[in-house]
Amino acid sequence: MPAIDLDCKEQVIGIHPGQKGYFAVLLKAGMTVKPALIYSTVSTVLAFIGMVIGVLIGNIGDSITWVYISVDGMFLYIALIDMLPELTTVNTKQGGTPLFHLVLQVMGMILGVSILLLIALYEKNLMNILEPV
């Protein structure tokens, strides 16, 4: 609970380390300071509202499973929408083949999915290993 409390305080007063990073990205993208502060503030307020809604929904019976499913789905959607265009714009060196990059990217995705599958299958054993003695 103290971790949630600290995160909530950081979100409310806007000093969460991620917020500084978002602010820097907005400035780097060419936004002036005033609109970047406004966007950053709106992002902080919406994050806080989302946290409150999540806590309220999470306390309703078995709804936490549906919250996890929804958040995971949104995370995958946003990640794939952002990642897939990057995968199709590969700059190969002269004489290089895009096939190598495709194989490398597919192998990376298969490795990531395999690691997640192994963690899911052996979760109980991992918890026993990582449990303090």
# chains A, B, ... in the order shown; residues from 1 in each chain; ligands from 1
$ select_by_dssp --residues "chain A" --states "alpha helix (DSSP H)" --output "PyMOL selection string"
chain A and resi 2-13+17-28+33-58+63-88+98-121+123-130
$ closest_residue --among "A:Asp72, A:Ile53, A:Gly30, A:Leu87" --to "Val106 of chain A" --atoms "only C-alpha atoms"
A:Leu87
$ closest_residue --among "A:Leu56, A:Leu116, A:Val90, A:Thr44" --to "Leu104 of chain A" --atoms "only C-alpha atoms"
A:Val90
$ atom_distance --atom1 "atom CA of Ile115 of chain A" --atom2 "atom CA of Val67 of chain A"
23.2 Å
